[in-house]
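Next comes upload-v7.pdb, with PDB, C-alpha atoms, pLDDT in the B column.
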```pdb
ATOM      1  CA  MET A   1     142.934  -8.547  42.418  1.00 47.00           C
ATOM      2  CA  ASN A   2     141.880  -8.220  38.795  1.00 47.00           C
ATOM      3  CA  THR A   3     143.019  -4.899  37.356  1.00 49.00           C
ATOM      4  CA  LEU A   4     141.739  -5.592  33.843  1.00 46.00           C
ATOM      5  CA  THR A   5     138.745  -3.551  32.838  1.00 51.00           C
ATOM      6  CA  THR A   6     136.697  -3.632  29.715  1.00 59.00           C
ATOM      7  CA  HIS A   7     136.593  -0.336  27.910  1.00 70.00           C
ATOM      8  CA  THR A   8     133.483   0.447  25.955  1.00 78.00           C
ATOM      9  CA  LEU A   9     133.252   3.536  23.825  1.00 83.00           C
ATOM     10  CA  LEU A  10     130.089   5.423  23.118  1.00 89.00           C
ATOM     11  CA  PRO A  11     128.833   5.142  19.530  1.00 93.00           C
ATOM     12  CA  LEU A  12     129.649   8.790  18.839  1.00 92.00           C
ATOM     13  CA  GLU A  13     133.213   8.227  20.066  1.00 91.00           C
ATOM     14  CA  GLN A  14     133.622   5.164  17.893  1.00 94.00           C
ATOM     15  CA  LEU A  15     132.246   6.915  14.832  1.00 94.00           C
ATOM     16  CA  ALA A  16     134.411   9.979  15.397  1.00 93.00           C
ATOM     17  CA  LEU A  17     137.559   7.894  15.884  1.00 94.00           C
ATOM     18  CA  ALA A  18     136.829   5.610  12.937  1.00 95.00           C
ATOM     19  CA  SER A  19     136.006   8.427  10.529  1.00 94.00           C
ATOM     20  CA  ALA A  20     139.038  10.514  11.538  1.00 94.00           C
ATOM     21  CA  HIS A  21     141.290   7.482  11.181  1.00 96.00           C
ATOM     22  CA  GLU A  22     139.884   6.443   7.813  1.00 96.00           C
ATOM     23  CA  THR A  23     140.110  10.013   6.503  1.00 95.00           C
ATOM     24  CA  LYS A  24     143.833  10.024   7.368  1.00 95.00           C
ATOM     25  CA  GLU A  25     144.230   6.663   5.655  1.00 97.00           C
ATOM     26  CA  ARG A  26     142.534   8.011   2.518  1.00 97.00           C
ATOM     27  CA  HIS A  27     144.886  11.017   2.440  1.00 96.00           C
ATOM     28  CA  ARG A  28     147.895   8.749   2.926  1.00 95.00           C
ATOM     29  CA  TYR A  29     146.915   6.432   0.066  1.00 97.00           C
ATOM     30  CA  ARG A  30     146.123   9.315  -2.266  1.00 96.00           C
ATOM     31  CA  GLY A  31     149.498  10.902  -1.507  1.00 93.00           C
ATOM     32  CA  LEU A  32     151.302   7.627  -2.136  1.00 93.00           C
ATOM     33  CA  ALA A  33     149.441   7.168  -5.417  1.00 94.00           C
ATOM     34  CA  ARG A  34     150.620  10.615  -6.557  1.00 93.00           C
ATOM     35  CA  ARG A  35     154.225  10.078  -5.493  1.00 89.00           C
ATOM     36  CA  LEU A  36     154.490   6.647  -7.109  1.00 88.00           C
ATOM     37  CA  ARG A  37     152.648   7.518 -10.332  1.00 88.00           C
ATOM     38  CA  ALA A  38     155.645   8.352 -12.535  1.00 86.00           C
ATOM     39  CA  THR A  39     158.035   5.592 -11.553  1.00 84.00           C
ATOM     40  CA  ALA A  40     155.871   2.777 -10.151  1.00 85.00           C
ATOM     41  CA  PRO A  41     152.542   2.919 -11.981  1.00 90.00           C
ATOM     42  CA  GLU A  42     151.313  -0.486 -10.740  1.00 89.00           C
ATOM     43  CA  ALA A  43     151.948   0.456  -7.122  1.00 89.00           C
ATOM     44  CA  SER A  44     150.371   3.860  -7.777  1.00 93.00           C
ATOM     45  CA  ARG A  45     147.189   2.232  -9.111  1.00 95.00           C
ATOM     46  CA  LEU A  46     147.074  -0.046  -6.059  1.00 95.00           C
ATOM     47  CA  MET A  47     147.386   2.940  -3.718  1.00 96.00           C
ATOM     48  CA  ALA A  48     144.667   4.804  -5.631  1.00 97.00           C
ATOM     49  CA  GLU A  49     142.367   1.779  -5.342  1.00 97.00           C
ATOM     50  CA  LEU A  50     143.054   1.485  -1.617  1.00 97.00           C
ATOM     51  CA  GLY A  51     142.196   5.192  -1.313  1.00 97.00           C
ATOM     52  CA  ARG A  52     138.870   4.526  -3.044  1.00 98.00           C
ATOM     53  CA  GLU A  53     138.202   1.712  -0.596  1.00 97.00           C
ATOM     54  CA  CYS A  54     138.769   4.208   2.223  1.00 97.00           C
ATOM     55  CA  GLU A  55     136.084   6.394   0.652  1.00 96.00           C
ATOM     56  CA  GLN A  56     133.708   3.425   0.619  1.00 96.00           C
ATOM     57  CA  ARG A  57     134.387   2.733   4.305  1.00 96.00           C
ATOM     58  CA  LEU A  58     133.777   6.394   5.072  1.00 95.00           C
ATOM     59  CA  GLU A  59     130.429   6.142   3.293  1.00 95.00           C
ATOM     60  CA  THR A  60     129.576   3.051   5.351  1.00 95.00           C
ATOM     61  CA  LEU A  61     130.410   4.994   8.510  1.00 94.00           C
ATOM     62  CA  ARG A  62     128.258   7.920   7.304  1.00 94.00           C
ATOM     63  CA  ASP A  63     125.332   5.543   6.761  1.00 95.00           C
ATOM     64  CA  ALA A  64     125.746   4.050  10.234  1.00 95.00           C
ATOM     65  CA  ALA A  65     125.958   7.522  11.778  1.00 95.00           C
ATOM     66  CA  ARG A  66     122.808   8.653   9.957  1.00 94.00           C
ATOM     67  CA  ALA A  67     120.960   5.541  11.154  1.00 94.00           C
ATOM     68  CA  LEU A  68     121.942   6.377  14.730  1.00 94.00           C
ATOM     69  CA  GLY A  69     121.266  10.112  14.367  1.00 93.00           C
ATOM     70  CA  LEU A  70     124.945  10.875  14.958  1.00 92.00           C
ATOM     71  CA  SER A  71     126.037  12.367  11.638  1.00 88.00           C
ATOM     72  CA  ALA A  72     127.466  15.438  13.355  1.00 82.00           C
ATOM     73  CA  CYS A  73     130.160  13.400  15.132  1.00 75.00           C
ATOM     74  CA  LEU A  74     131.881  12.265  11.944  1.00 80.00           C
ATOM     75  CA  VAL A  75     135.321  13.686  11.244  1.00 68.00           C
ATOM     76  CA  ILE A  76     135.661  13.690   7.482  1.00 66.00           C
ATOM     77  CA  ASP A  77     138.094  16.174   6.001  1.00 68.00           C
ATOM     78  CA  ASP A  78     137.894  16.382   2.221  1.00 64.00           C
ATOM     79  CA  THR A  79     140.976  18.565   1.794  1.00 63.00           C
ATOM     80  CA  GLU A  80     144.077  16.954   0.385  1.00 54.00           C
ATOM     81  CA  ALA A  81     146.501  18.287   2.993  1.00 48.00           C
ATOM     82  CA  SER A  82     149.023  15.842   4.334  1.00 43.00           C
ATOM     83  CA  THR A  83     148.050  14.231   7.639  1.00 43.00           C
ATOM     84  CA  SER A  84     151.278  15.379   9.278  1.00 44.00           C
ATOM     85  CA  GLY A  85     150.829  19.003   8.226  1.00 43.00           C
ATOM     86  CA  LYS A  86     153.642  18.874   5.697  1.00 48.00           C
ATOM     87  CA  ARG A  87     154.015  16.942   2.477  1.00 51.00           C
ATOM     88  CA  GLN A  88     156.189  13.870   2.539  1.00 50.00           C
ATOM     89  CA  ARG A  89     158.927  13.918  -0.070  1.00 52.00           C
ATOM     90  CA  LEU A  90     159.040  10.269  -1.068  1.00 51.00           C
ATOM     91  CA  PHE A  91     159.561   9.665  -4.751  1.00 55.00           C
ATOM     92  CA  SER A  92     160.065   6.104  -5.852  1.00 47.00           C
ATOM     93  CA  VAL A  93     162.876   6.020  -8.368  1.00 58.00           C
ATOM     94  CA  ASP A  94     163.789   2.351  -8.294  1.00 73.00           C
ATOM     95  CA  VAL A  95     162.554  -1.027  -7.134  1.00 75.00           C
ATOM     96  CA  ALA A  96     164.315  -0.753  -3.757  1.00 80.00           C
ATOM     97  CA  LEU A  97     162.617   2.534  -2.903  1.00 81.00           C
ATOM     98  CA  GLU A  98     159.261   1.207  -4.124  1.00 82.00           C
ATOM     99  CA  ARG A  99     159.731  -1.829  -1.885  1.00 87.00           C
ATOM    100  CA  GLN A 100     160.547   0.461   1.054  1.00 89.00           C
ATOM    101  CA  ALA A 101     157.364   2.480   0.411  1.00 88.00           C
ATOM    102  CA  LEU A 102     155.324  -0.730   0.190  1.00 91.00           C
ATOM    103  CA  LYS A 103     156.853  -2.043   3.416  1.00 94.00           C
ATOM    104  CA  GLN A 104     155.989   1.175   5.266  1.00 95.00           C
ATOM    105  CA  THR A 105     152.511   1.117   3.778  1.00 95.00           C
ATOM    106  CA  LEU A 106     151.983  -2.478   4.895  1.00 96.00           C
ATOM    107  CA  GLU A 107     153.091  -1.572   8.423  1.00 97.00           C
ATOM    108  CA  SER A 108     150.616   1.316   8.477  1.00 97.00           C
ATOM    109  CA  ALA A 109     147.841  -0.869   7.070  1.00 97.00           C
ATOM    110  CA  ASP A 110     148.496  -3.466   9.773  1.00 98.00           C
ATOM    111  CA  ALA A 111     148.269  -0.783  12.454  1.00 98.00           C
ATOM    112  CA  SER A 112     145.004   0.361  10.875  1.00 98.00           C
ATOM    113  CA  ARG A 113     143.688  -3.211  10.955  1.00 98.00           C
ATOM    114  CA  ARG A 114     144.534  -3.493  14.652  1.00 98.00           C
ATOM    115  CA  PHE A 115     142.814  -0.156  15.295  1.00 98.00           C
ATOM    116  CA  PHE A 116     139.574  -1.357  13.697  1.00 98.00           C
ATOM    117  CA  GLU A 117     139.819  -4.673  15.557  1.00 97.00           C
ATOM    118  CA  TRP A 118     140.078  -2.680  18.775  1.00 96.00           C
ATOM    119  CA  LEU A 119     137.028  -0.608  17.808  1.00 96.00           C
ATOM    120  CA  LEU A 120     135.113  -3.807  17.149  1.00 95.00           C
ATOM    121  CA  GLU A 121     136.202  -5.271  20.503  1.00 93.00           C
ATOM    122  CA  THR A 122     135.080  -2.144  22.380  1.00 91.00           C
ATOM    123  CA  ASN A 123     131.799  -1.880  20.509  1.00 93.00           C
ATOM    124  CA  ALA A 124     128.584  -2.166  22.517  1.00 91.00           C
ATOM    125  CA  THR A 125     126.249  -0.796  19.855  1.00 93.00           C
ATOM    126  CA  PRO A 126     124.529  -3.437  17.718  1.00 94.00           C
ATOM    127  CA  GLU A 127     124.074  -0.979  14.830  1.00 94.00           C
ATOM    128  CA  LEU A 128     127.851  -0.541  14.567  1.00 96.00           C
ATOM    129  CA  TYR A 129     128.748  -4.225  14.703  1.00 96.00           C
ATOM    130  CA  ARG A 130     128.343  -4.970  10.991  1.00 96.00           C
ATOM    131  CA  PRO A 131     130.036  -1.786   9.719  1.00 96.00           C
ATOM    132  CA  LEU A 132     133.007  -2.313  12.032  1.00 97.00           C
ATOM    133  CA  LEU A 133     133.210  -6.015  11.206  1.00 97.00           C
ATOM    134  CA  ALA A 134     133.236  -5.104   7.504  1.00 97.00           C
ATOM    135  CA  CYS A 135     136.041  -2.592   8.133  1.00 97.00           C
ATOM    136  CA  VAL A 136     138.093  -5.270   9.906  1.00 98.00           C
ATOM    137  CA  ALA A 137     137.583  -7.736   7.057  1.00 98.00           C
ATOM    138  CA  GLN A 138     138.533  -5.100   4.485  1.00 97.00           C
ATOM    139  CA  LYS A 139     141.621  -4.080   6.447  1.00 98.00           C
ATOM    140  CA  ARG A 140     142.722  -7.720   6.607  1.00 98.00           C
ATOM    141  CA  ALA A 141     142.291  -7.989   2.840  1.00 97.00           C
ATOM    142  CA  GLU A 142     144.188  -4.709   2.402  1.00 97.00           C
ATOM    143  CA  CYS A 143     147.123  -6.112   4.377  1.00 97.00           C
ATOM    144  CA  ARG A 144     147.058  -9.314   2.335  1.00 97.00           C
ATOM    145  CA  VAL A 145     147.083  -7.407  -0.984  1.00 96.00           C
ATOM    146  CA  LEU A 146     149.901  -5.134   0.157  1.00 96.00           C
ATOM    147  CA  GLY A 147     151.881  -8.145   1.370  1.00 95.00           C
ATOM    148  CA  GLU A 148     151.434  -9.833  -2.010  1.00 94.00           C
ATOM    149  CA  ARG A 149     152.539  -6.684  -3.838  1.00 91.00           C
ATOM    150  CA  LEU A 150     155.574  -6.385  -1.557  1.00 91.00           C
ATOM    151  CA  ALA A 151     156.497 -10.027  -2.231  1.00 91.00           C
ATOM    152  CA  GLN A 152     156.072  -9.446  -5.965  1.00 86.00           C
ATOM    153  CA  SER A 153     158.327  -6.377  -5.868  1.00 80.00           C
ATOM    154  CA  SER A 154     160.963  -8.441  -4.031  1.00 74.00           C
ATOM    155  CA  LEU A 155     160.914 -10.992  -6.853  1.00 74.00           C
ATOM    156  CA  GLU A 156     161.373  -8.222  -9.424  1.00 69.00           C
ATOM    157  CA  ALA A 157     164.548  -6.987  -7.729  1.00 60.00           C
TER     158      ALA A 157
END
```
Translate this file's structure into structure tokens.
Amino acid sequence: MNTLTTHTLLPLEQLALASAHETKERHRYRGLARRLRATAPEASRLMAELGRECEQRLETLRDAARALGLSACLVIDDTEASTSGKRQRLFSVDVALERQALKQTLESADASRRFFEWLLETNATPELYRPLLACVAQKRAECRVLGERLAQSSLEA
């Protein structure tokens, strides 16, 4: 007996999940950019750029939602509160701590990539295919860039 079932989400569910997830990612990158600014300016600039890319993905999701008449289902929080409800206290003071922050960030980015791949796999709405495919491609690139930065920081040690 085959117990595997294909799960398909409704477009409003996909948009709500994707926008909530990407909003959390944006907050995480902005927080990392702030915490790394003083002692790891290159890493801080990278985190700020990745946060801007989150904003672009959120705009892509907004456009897709508008096209489907589902703008109300988007979860986009513009406040700068930490995603866990309390501020993380990570301050990079040396190369080892910067490397640790980059490693954790890469792990989170990889989980985010897998999340968007899952959304793409469960998609049954043609209008969401391209936006989700673009998110997957961008998340793969994000992981590659973070991996390169992590490797570079290892060489600097």
Output the residue selection produced by the PyMOL selection byres ((chain A and resi 13) around 12) on the file above, formatted as an mmCIF file with C-alpha atoms, in the coordinates of the input.
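So the final result, stored in part-v1.cif, reads:
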```cif
data_model
loop_
_atom_site.group_PDB
_atom_site.id
_atom_site.type_symbol
_atom_site.label_atom_id
_atom_site.label_comp_id
_atom_site.auth_asym_id
_atom_site.auth_seq_id
_atom_site.Cartn_x
_atom_site.Cartn_y
_atom_site.Cartn_z
ATOM 1 C CA THR A 8 133.483 0.447 25.955
ATOM 2 C CA LEU A 9 133.252 3.536 23.825
ATOM 3 C CA LEU A 10 130.089 5.423 23.118
ATOM 4 C CA PRO A 11 128.833 5.142 19.530
ATOM 5 C CA LEU A 12 129.649 8.790 18.839
ATOM 6 C CA GLN A 14 133.622 5.164 17.893
ATOM 7 C CA LEU A 15 132.246 6.915 14.832
ATOM 8 C CA ALA A 16 134.411 9.979 15.397
ATOM 9 C CA LEU A 17 137.559 7.894 15.884
ATOM 10 C CA ALA A 18 136.829 5.610 12.937
ATOM 11 C CA SER A 19 136.006 8.427 10.529
ATOM 12 C CA ALA A 20 139.038 10.514 11.538
ATOM 13 C CA ALA A 65 125.958 7.522 11.778
ATOM 14 C CA LEU A 70 124.945 10.875 14.958
ATOM 15 C CA SER A 71 126.037 12.367 11.638
ATOM 16 C CA ALA A 72 127.466 15.438 13.355
ATOM 17 C CA CYS A 73 130.160 13.400 15.132
ATOM 18 C CA LEU A 74 131.881 12.265 11.944
ATOM 19 C CA VAL A 75 135.321 13.686 11.244
ATOM 20 C CA LEU A 119 137.028 -0.608 17.808
ATOM 21 C CA THR A 122 135.080 -2.144 22.380
ATOM 22 C CA ASN A 123 131.799 -1.880 20.509
ATOM 23 C CA ALA A 124 128.584 -2.166 22.517
ATOM 24 C CA THR A 125 126.249 -0.796 19.855
ATOM 25 C CA LEU A 128 127.851 -0.541 14.567
#
```
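Restricting the calculation to all atoms listed in the file, the smallest distance between Ala38 of chain A and any of A:Thr60, A:Glu98, A:Glu142, A:Val136 is found for A:Glu98.
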Resolved residues for the PyMOL selection byres ((chain A and resi 26) around 8) as a compact mmCIF listing (two decimals) with C-alpha atoms, keeping the file's coordinate frame:
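Saved the output as out.txt:
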```
# COMPACT_ATOMS: atom_id res chain seq x y z
CA GLU A 22 139.88 6.44 7.81
CA THR A 23 140.11 10.01 6.50
CA LYS A 24 143.83 10.02 7.37
CA GLU A 25 144.23 6.66 5.66
CA HIS A 27 144.89 11.02 2.44
CA ARG A 28 147.90 8.75 2.93
CA TYR A 29 146.92 6.43 0.07
CA ARG A 30 146.12 9.32 -2.27
CA LEU A 50 143.05 1.48 -1.62
CA GLY A 51 142.20 5.19 -1.31
CA ARG A 52 138.87 4.53 -3.04
CA CYS A 54 138.77 4.21 2.22
CA GLU A 55 136.08 6.39 0.65
```
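Among the candidates A:Arg66, A:Ala48, A:Leu155, A:Leu133, the residue lying nearest to Ala96 of chain A is A:Leu155 (atoms considered: all atoms listed in the file).
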With distances taken over all atoms listed in the file, the candidate from A:Glu59, A:Glu117, A:Glu49, A:Asp110 nearest Cys143 of chain A is A:Asp110
Selected residue, from A:Gln138, A:Gln152, A:Thr39, A:Gln56, that lies nearest to Lys103 of chain A when counting all atoms listed in the file |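 Nearest to Lys103 of chain A: A:Gln152.
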Check the smallest atom-to-atom distance from each of A:Arg57, A:Asp94, A:Ala101, A:Lys139 to Leu32 of chain A using only C-alpha atoms, then report the winner.
->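 Closest residue, counting only C-alpha atoms: A:Ala101.
The coordinates place atom CA of Val95 of chain A at 13.1 Å from atom CA of Ser44 of chain A.
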Separation of atom CA of Leu132 of chain A from atom CA of Ala33 of chain A in Å | 25.8 Å
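Those residues that approach segment 144-148 of chain A to within 9 Å, counting all atoms listed in the file, are Leu46, Leu102, Lys103, Thr105, Leu106, Ala109, Lys139, Arg140, Ala141, Glu142, Leu150, Ala151, Gln152 and Ser153 of chain A; same-chain residues fewer than 2 positions away are not listed.
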If you measure from atom CA of Tyr129 of chain A to atom CA of Gln104 of chain A, what distance in Å do you get, rounded to one decimal?
->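 Atom-to-atom, atom CA of Tyr129 of chain A and atom CA of Gln104 of chain A are spaced 29.3 Å apart.
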Between A:Ala137, A:Arg149, A:Trp118, A:Pro131, which has the minimum distance to Met47 of chain A (counting all atoms listed in the file)?
->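 Nearest to Met47 of chain A: A:Arg149.
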